[in-house]
Amino acid sequence: MTATQERPSDAVEMEIGRDRRRKEDQRLITGRTRWTDNITLPGMLHLAMVRSPFAHAKIASIDVSAAKASTNVVDVLTGADFGEELGACINAWPITPDQVTPGHSPMPADRVAFAGEIVAVVIARTAAEARDAAELVDVEYDELPAALDLKKSAADEVLAHPDLGTNKSALWVFDSGEAGTGGNVEDAIAKARTDGIVIEREYRQQRLIPAFMEPRSVVVDPTGEQLTMWSATQIPHIVRFALAATTGVPESKIRVIAPDVGGGFGGKLQVTPEEWIAWAVGRRLGKPVKYTETRSESLMSAHHGRDQWQKLTLAAEKDGTVTGLKVELLADLGAYVAIVGGGVPVLGAFMFNAIYKFPAYHFAVQTVLTNKAWTDAYRGAGRPEATYAIERLMSELAAEVGVDPLEIREKNWIKHEEFPFTTVAGLEYDSGNYEAATAKAKEMFGYDELRAEQKQRRDAGDPVQLGIGISTFTEMCGLAPSRVLGQLDYGAGGWEHASVRMLATGKVEVVTGASAHGQGHETAFSQIVADRLGVAFEDVEVLHGDTAISHKGLDTYGSRSLVVGGEALVKAADKVIEKAKPIAAHLLEASVDDIEFSAGRFSVRGTDQGMAIGEISTAVFAAHNLPDGAEPSIDAEATYDPVNFNYPHGTHLCAMEVDTETGAVKMRKYVCVDDIGNIVNPLIVSGQVHGGLVQGIAQALWEEAVYDDAGTLVSGSFVDYLLPTAADTISFDVEHTTTPSLTNTLGTKGVGEAGTIASTPAVVNAVVDAVRHLGVDDIQMPCTPERVWKAINGPGSGGATEGAAMPHFDESEPGQSSTEGAGA
Amino acid sequence: MTRITLTVDGASVSDDVEPRLLLVQYLREKLGKTGTVIGCDTSNCGACTVHLNGTSVKSCNVLAVQADGAEVTTIEGLAQNGELHPVQKSFRECHGLQCGFCTPGMIMQSVDLLNNNPKPSEEEIRLGLEGNLCRCTGYHNIVKAVQHASGQEMHA
C-alpha cells in the first residue's frame, strides 16, 4: 500500500488523475520567458556560421580577409584555426562492433559532407554584423560526387566519405530462430508460398524534419569558474558529459542549462556542431558568445528523421493466421552517425511484430552513409516506422483474405488473458487489453455506420470515396533498462534521478534529471509529489534543466520522463517519509512502530496525536530536538533504473474522403482510444495525444524533406516544408481504456510518442481503403493529391506511384528529378 | 540611422534605428520585449505576431521605421492591471499551449480574430489562425481555447 492510498476518503482531492491547469502557463502566456535567444550578457559577442552550399566538396581555400575587415567583426575562424579543443560530435550507440563511423568534426577543415555543413564562424559585436560579414567569407570548393539516393548509396556507387571505402555503416540483425524466441522465418515463408499467403511489400519512410518551433540557440559564458552553456536542448546532462569527454574541460567545470526550451520532438536530442563551435569560441575569446540559427539553417542542418526503405515479407495461413515476418531495412544515416544514429532503426526492431503473435521473425537493418543532413531521433524514433509497416501489412493481409481489417487483427493479437506475454522479439509485455480499446474505439467511431456509407458510395460510384483506416498499435517506451541498453551496446544507462528537498517553511523542492521542453513536468510531477507527501500541489516546486541544480540525469526523450523520472520521484519521496518517521516518533514521544503516515501527517496509532510533514521539516531545520545521532535532514534522493520498458497501446480509427477526380484527400473523422495505464493529468495527456496525432498525420499527408539531384535541400524553409496549420487539421475524439502498467508504482505508461506512432498508418490505410476497389494497394507518403491521383489513374490503375512529391504533373517540367523515392 | 518614436505596451519609447531593422528585432533587442519571439525567416510561423494600432501583424514583416508614431501591443502588454486577458486565461484553461513558443503570436492573433468576429465557428477559427504554426498541440486545444474565450460551447 502506498501512503497516498491510505488517505481517508473525506480528505482533500487526490492530485493524481486531476486535470490540473499547468503551473508553467502563467509565464508563457504573458511573455515572461527565458528562451536561450533571450539571454544577453555583458560584452556578449554574436556568431554567424558560414555553411557549405555543396553536398560533398573539398575545401580548397578560405579567404576571411574581407569578413575580418568588416565593421565590428572581432574574428573569423575556420576549422584549421582550431586544434583538439574543438572536440567532436559523438555517436553514443555503435550498433555493431565493426560499425563504420566517420569522424565528425564540428567544423571540418578539409572536406564537407553535406550541404549546410559549417566551414567558418564569424564573431561580431551584433548578430546582424556577424551575418553581414559571413557573406564576405570567400570559400573555394572542389566539388566531389555526392552519394544521395539511399539505394544507390547502399550499393557504394558513389562514396559519401571516400576514405572509408564504403557507405555501409552497420548491419544489425535479429533472428528469432537464432535468439531462441521463435522459429525460422524462411521456413514459414516457404510453407506459405506453397499453401498459404505471402504478402511482399516495399514501403518508403520519407525523410522528415522535426521542426520544433524554437530555433536552436546557444549561449556560452566562459567568465565564471564554471564554464556555462545555455542551450535549446533536450539533453543538458548528456551535452555536459559529451563536452567533457571531447573538449578536455573537466566535467566539474562545466555547467549546462536548458532554460525554457521550445519543443524538441527528438530534434534537440543531439550534440550539435553549433554548440561545440560556440563552446570553443567562447573559451578562446574569454567572452560570452551567442549563436541563434535561422529557420532555414535549422531545416538544413539540424538532424532529420525517418528515411528508410522497408522491404517486408509477411507469411500467413490461408485463413489469415500469421506465421512469419521478415523485415529488411535500409536506413539513411546522412553524412555522419549522429548521437543515437543507427540506434533509431534498432529501436524499431522490437516493434514490427507489434501486438501480434508471430511465431517467427527476422529483422535486419543496413545503415547507410550519404551526403545529406544527418538523421536521428524524431518523435517515436524507430517505432513509427515499425508500426507503419506492420499496420499497413495487416490491412493488406485482410484485403488478401477478404475480411474486415479489424477481424484479421483480432485473430492474431495477444488476448488480454494472455499477459504477461513474451514476444517473438524477446520483450515481455506486462499488460494490455486490445479488445477493450478496440471495442470502445469502434463504438465512438460509428464503425459499422461508416462501413455502410463506404459501401453506399462505392455502389453509387460517388466521385468522392470514403476510406476507413485502422491502426492497433503498441510501442515500447520508458527508455530504458540500463542492462538492456548495455546488451545493445548503447553508450550510457537509462536510469533517472530525483531528489526531494524539504524546506524549512514546509515547502518542497523537487529536482528531476528529466528536462522538459513543453511536456508539463512541473505540473505533473507536482501532482505526484503532492499525493505522495500529502502536501499542497502549490507547495511543490519542480527544478530541472540545469546541471548545477540537477546534478544527475539522463534527460527527456523516448517517453521516459514520467515512467522513469516519475518513479525516481516516488522513490525519493518515500525515502523522505522513512527518514522523517523516527523524528516524528521522537517528537510525538512514541515508538517508531506506532507511527503511521497518511495524507501528509505522521500520527500515533490509536491516538489523535500527530504532526504534519511540514512541521517535521521545520523541526529538522531547527534541529533543536532530534533523536540522538539523527542527521538533521529528511531530504532524500533516488536513482531509478527501470526493470522493463512499458507498452502503451491503442486503437486508432480514421475516416478519409478521397476525391477520385482530383486526388485530394480530406480527413473526416479521427478516433483514438489509447491505453496508457494510469493517468496523472488527463489535460496534459490530451495535449500529448493531439500533438502526436498531427505529427503522425503530417507524415502521412504533407511532410517530406526533399533534396534535388545536387544534394540541396529543396524544402529548406517553412514555405517549402509543409508543416500543417490549424486550417489543415480537424478536432479529434480522444478516449482511454486503462490497464495499469505492472512495472512501476504509479501504473503509468508513456504517452509522448503514442499519437505519432499510431496515426501515420491509420491515415494511409484509410486513403488506400478508399480507392482499393480501383486497384490501388499502396500510395507512397506523403499522400499528396498528385500521388493519389496517379495511383488511381496510373498504369494498371494503382501500380507504382511517383517517387517524389514534386509539384508538377508534366514530366518535362524542371524540378522533376529528385533523389527521394527514386527506387519507386 | 532614423529616429522613431512610438508607444509599446503603453510606454512611449524613442530610438535611432537602422532602416533595415525589423520591428521584431527592435522589440527584442532594443526594448528587451523578449516575450515576442522569432520562429522563422519567411513570415510563415507567426510567432512574432503583435498588434500595430490594434491590428495583428507579423512583426518580422514590418520594419521598425514603419512603426514610427504607432501604438504597438505585445504579449507583455496584453494583461491589464495584473488581470489576464480572457484569451490568455482561455489558453491556460484549455491547455492551448505546451512548449509555449508559438503562444505569444497565437494569443495575439486570436485576440485580433475575436475582435473582428466575436463568435467564430470552428472553421472560422481554424482559417483565422492559419498564419500561425504550432508544433506541439495539433491545434485542437488552441481552437478550443478561442471558442472558450468567445463564450461559446465547446466540443469535447
# chains A, B, ... in the order shown; residues from 1 in each chain; ligands from 1
>>> interface_residues(of="chain A", to="chain B", cutoff="6 Å", atoms="only C-alpha atoms", output="PDB file with N, CA and C atoms, in the first residue's frame")
ATOM      1  N   LEU A  28       4.345  31.655 -19.652  1.00  0.00           N
ATOM      2  CA  LEU A  28       4.349  31.507 -21.111  1.00  0.00           C
ATOM      3  C   LEU A  28       3.261  32.331 -21.781  1.00  0.00           C
ATOM      4  N   ILE A  29       2.126  32.532 -21.107  1.00  0.00           N
ATOM      5  CA  ILE A  29       1.042  33.302 -21.736  1.00  0.00           C
ATOM      6  C   ILE A  29       1.195  34.800 -21.528  1.00  0.00           C
ATOM      7  N   THR A  30       2.176  35.189 -20.730  1.00  0.00           N
ATOM      8  CA  THR A  30       2.396  36.624 -20.533  1.00  0.00           C
ATOM      9  C   THR A  30       3.724  37.080 -21.122  1.00  0.00           C
ATOM     10  N   GLY A  31       4.440  36.178 -21.769  1.00  0.00           N
ATOM     11  CA  GLY A  31       5.700  36.560 -22.407  1.00  0.00           C
ATOM     12  C   GLY A  31       6.856  36.715 -21.437  1.00  0.00           C
ATOM     13  N   ARG A  32       6.693  36.173 -20.247  1.00  0.00           N
ATOM     14  CA  ARG A  32       7.785  36.234 -19.269  1.00  0.00           C
ATOM     15  C   ARG A  32       8.577  34.940 -19.416  1.00  0.00           C
ATOM     16  N   ASN A  38      16.861  34.772 -25.666  1.00  0.00           N
ATOM     17  CA  ASN A  38      16.537  35.971 -24.879  1.00  0.00           C
ATOM     18  C   ASN A  38      17.699  36.413 -24.007  1.00  0.00           C
ATOM     19  N   MET A 213       9.389  24.534 -32.851  1.00  0.00           N
ATOM     20  CA  MET A 213       9.107  25.937 -33.171  1.00  0.00           C
ATOM     21  C   MET A 213      10.242  26.889 -32.755  1.00  0.00           C
ATOM     22  N   GLU A 214      10.928  26.562 -31.669  1.00  0.00           N
ATOM     23  CA  GLU A 214      12.031  27.444 -31.261  1.00  0.00           C
ATOM     24  C   GLU A 214      13.300  27.046 -31.998  1.00  0.00           C
ATOM     25  N   GLY A 262      11.784  25.468 -26.493  1.00  0.00           N
ATOM     26  CA  GLY A 262      10.558  25.493 -27.288  1.00  0.00           C
ATOM     27  C   GLY A 262      10.377  24.297 -28.185  1.00  0.00           C
ATOM     28  N   GLY A 263      10.093  23.169 -27.580  1.00  0.00           N
ATOM     29  CA  GLY A 263       9.828  21.963 -28.355  1.00  0.00           C
ATOM     30  C   GLY A 263      11.103  21.256 -28.759  1.00  0.00           C
ATOM     31  N   ARG A 295      15.650  29.859 -39.307  1.00  0.00           N
ATOM     32  CA  ARG A 295      14.824  28.678 -39.605  1.00  0.00           C
ATOM     33  C   ARG A 295      15.412  27.881 -40.756  1.00  0.00           C
ATOM     34  N   HIS A 517      10.561  20.247 -22.163  1.00  0.00           N
ATOM     35  CA  HIS A 517      10.557  21.299 -23.168  1.00  0.00           C
ATOM     36  C   HIS A 517       9.169  21.408 -23.766  1.00  0.00           C
ATOM     37  N   GLY A 518       8.181  21.462 -22.867  1.00  0.00           N
ATOM     38  CA  GLY A 518       6.792  21.604 -23.278  1.00  0.00           C
ATOM     39  C   GLY A 518       5.866  20.547 -22.702  1.00  0.00           C
ATOM     40  N   GLY A 687      -3.272  16.776 -24.558  1.00  0.00           N
ATOM     41  CA  GLY A 687      -2.401  17.611 -25.384  1.00  0.00           C
ATOM     42  C   GLY A 687      -1.305  16.797 -26.056  1.00  0.00           C
ATOM     43  N   HIS A 690      -3.057  14.832 -28.936  1.00  0.00           N
ATOM     44  CA  HIS A 690      -3.400  15.671 -30.091  1.00  0.00           C
ATOM     45  C   HIS A 690      -2.164  16.037 -30.905  1.00  0.00           C
ATOM     46  N   GLY A 691      -1.149  16.510 -30.211  1.00  0.00           N
ATOM     47  CA  GLY A 691       0.058  16.957 -30.908  1.00  0.00           C
ATOM     48  C   GLY A 691       0.753  15.807 -31.610  1.00  0.00           C
ATOM     49  N   VAL A 694      -1.093  14.841 -34.861  1.00  0.00           N
ATOM     50  CA  VAL A 694      -0.885  15.715 -36.022  1.00  0.00           C
ATOM     51  C   VAL A 694       0.494  15.492 -36.626  1.00  0.00           C
ATOM     52  N   THR A 725      -1.214  23.487 -40.665  1.00  0.00           N
ATOM     53  CA  THR A 725      -1.755  24.621 -39.906  1.00  0.00           C
ATOM     54  C   THR A 725      -3.085  24.201 -39.287  1.00  0.00           C
ATOM     55  N   ALA A 726      -3.662  25.121 -38.531  1.00  0.00           N
ATOM     56  CA  ALA A 726      -4.978  24.869 -37.934  1.00  0.00           C
ATOM     57  C   ALA A 726      -6.013  24.594 -39.016  1.00  0.00           C
ATOM     58  N   ALA A 727      -5.822  25.207 -40.172  1.00  0.00           N
ATOM     59  CA  ALA A 727      -6.806  25.054 -41.249  1.00  0.00           C
ATOM     60  C   ALA A 727      -6.696  23.705 -41.952  1.00  0.00           C
ATOM     61  N   SER A 731     -10.585  18.494 -35.342  1.00  0.00           N
ATOM     62  CA  SER A 731     -10.618  18.139 -33.927  1.00  0.00           C
ATOM     63  C   SER A 731     -10.764  16.625 -33.811  1.00  0.00           C
TER      64      SER A 731
END
>>> select_by_dssp(residues="range 411-517 of chain A", states="alpha helix (DSSP H)", output="VMD selection string")
chain A and resid 411 to 412 434 to 445 447 to 460 482 to 487
>>> closest_residue(among="A:Val564, A:Ala791, A:Met107, A:Val100", to="Gly342 in chain A", atoms="only C-alpha atoms")
A:Val100
>>> closest_residue(among="A:Glu135, A:Asp81, A:Asp260, A:Asp25", to="Ala109 in chain A", atoms="only C-alpha atoms")
A:Asp81
>>> residues_around(residues="Val604 in chain A", least_positions_apart="3", cutoff="9 Å", atoms="only C-alpha atoms", output="count of residues only")
12
>>> residues_around(residues="range 284-293 of chain A", least_positions_apart="4", cutoff="9 Å", atoms="only C-alpha atoms", output="PyMOL selection string")
chain A and resi 36-37+39-49+123+127+215-223+274-275+278-280+297-298
>>> closest_residue(among="B:Met1, B:Val72, B:Leu31, B:Val24", to="Ser59 in chain B", atoms="only C-alpha atoms")
B:Val24
>>> select_by_dssp(residues="range 367-526 of chain A", states="strand (DSSP E)", output="VMD selection string")
chain A and resid 367 to 369 421 to 422 428 to 429 464 to 474 496 to 502 508 to 512
>>> residues_around(residues="Asn115 in chain B", least_positions_apart="2", cutoff="12 Å", atoms="only C-alpha atoms", output="ChimeraX atom specification")
/B:51,54-56,87,108-113,117-120,128,146,149-150
>>> write_last_selection(atoms="C-alpha atoms", output="short mmCIF file (atom, residue, chain, number, x, y, z; two decimals), in the first residue's frame")
data_model
loop_
_atom_site.label_atom_id
_atom_site.label_comp_id
_atom_site.auth_asym_id
_atom_site.auth_seq_id
_atom_site.Cartn_x
_atom_site.Cartn_y
_atom_site.Cartn_z
CA HIS B 51 -0.75 44.41 -32.62
CA GLY B 54 -4.92 47.48 -32.83
CA THR B 55 -4.45 45.09 -35.75
CA SER B 56 -2.34 41.93 -35.73
CA VAL B 87 -7.76 34.87 -24.33
CA MET B 108 -2.17 37.96 -30.23
CA GLN B 109 -3.68 36.56 -33.44
CA SER B 110 -6.58 35.03 -31.51
CA VAL B 111 -7.34 38.37 -29.86
CA ASP B 112 -7.40 40.03 -33.26
CA LEU B 113 -9.59 37.26 -34.67
CA ASN B 117 -15.50 38.10 -35.25
CA PRO B 118 -16.65 37.71 -31.63
CA LYS B 119 -18.49 34.40 -32.21
CA PRO B 120 -16.46 32.48 -34.78
CA GLY B 128 -8.17 32.76 -38.81
CA VAL B 146 -10.51 30.51 -28.78
CA ALA B 149 -12.70 32.83 -24.93
CA SER B 150 -15.61 33.69 -27.21
#
>>> closest_residue(among="A:Arg605, A:Arg379, A:Arg51, A:Lys151", to="Pro273 in chain A", atoms="only C-alpha atoms")
A:Arg51
>>> residues_around(residues="Val62 in chain B", least_positions_apart="4", cutoff="8 Å", atoms="only C-alpha atoms", output="PyMOL selection string")
chain B and resi 22-24+57-58+66-67
>>> write_last_selection(atoms="N, CA and C atoms", output="CSV table (one decimal), in the first residue's frame")
chain,number,residue,atom,x,y,z
B,22,LEU,N,14.1,45.2,-38.3
B,22,LEU,CA,12.7,44.7,-38.3
B,22,LEU,C,12.1,45.1,-37.0
B,23,LEU,N,10.8,45.2,-37.0
B,23,LEU,CA,10.1,45.6,-35.7
B,23,LEU,C,10.4,44.6,-34.7
B,24,VAL,N,10.4,43.3,-35.0
B,24,VAL,CA,10.6,42.3,-34.0
B,24,VAL,C,12.0,42.4,-33.4
B,57,VAL,N,-0.1,42.0,-36.7
B,57,VAL,CA,0.8,42.0,-37.8
B,57,VAL,C,1.9,41.0,-37.4
B,58,LYS,N,2.6,40.5,-38.3
B,58,LYS,CA,3.8,39.7,-38.0
B,58,LYS,C,5.0,40.7,-38.0
B,66,GLN,N,8.6,51.6,-39.9
B,66,GLN,CA,7.2,51.7,-40.3
B,66,GLN,C,6.3,51.9,-39.1
B,67,ALA,N,6.8,51.5,-37.9
B,67,ALA,CA,6.0,51.6,-36.7
B,67,ALA,C,6.2,53.0,-36.0
>>> residues_around(residues="range 734-736 of chain A", least_positions_apart="2", cutoff="8 Å", atoms="only C-alpha atoms", output="number ranges by chain")
A: 437, 671-676, 686, 689, 732, 738
>>> closest_residue(among="B:Cys48, B:Leu114, B:Leu27, B:Ala145", to="Thr7 in chain B", atoms="only C-alpha atoms")
B:Leu27
>>> closest_residue(among="A:His652, A:His586, A:His237, A:Lys581", to="Asn625 in chain A", atoms="only C-alpha atoms")
A:His586
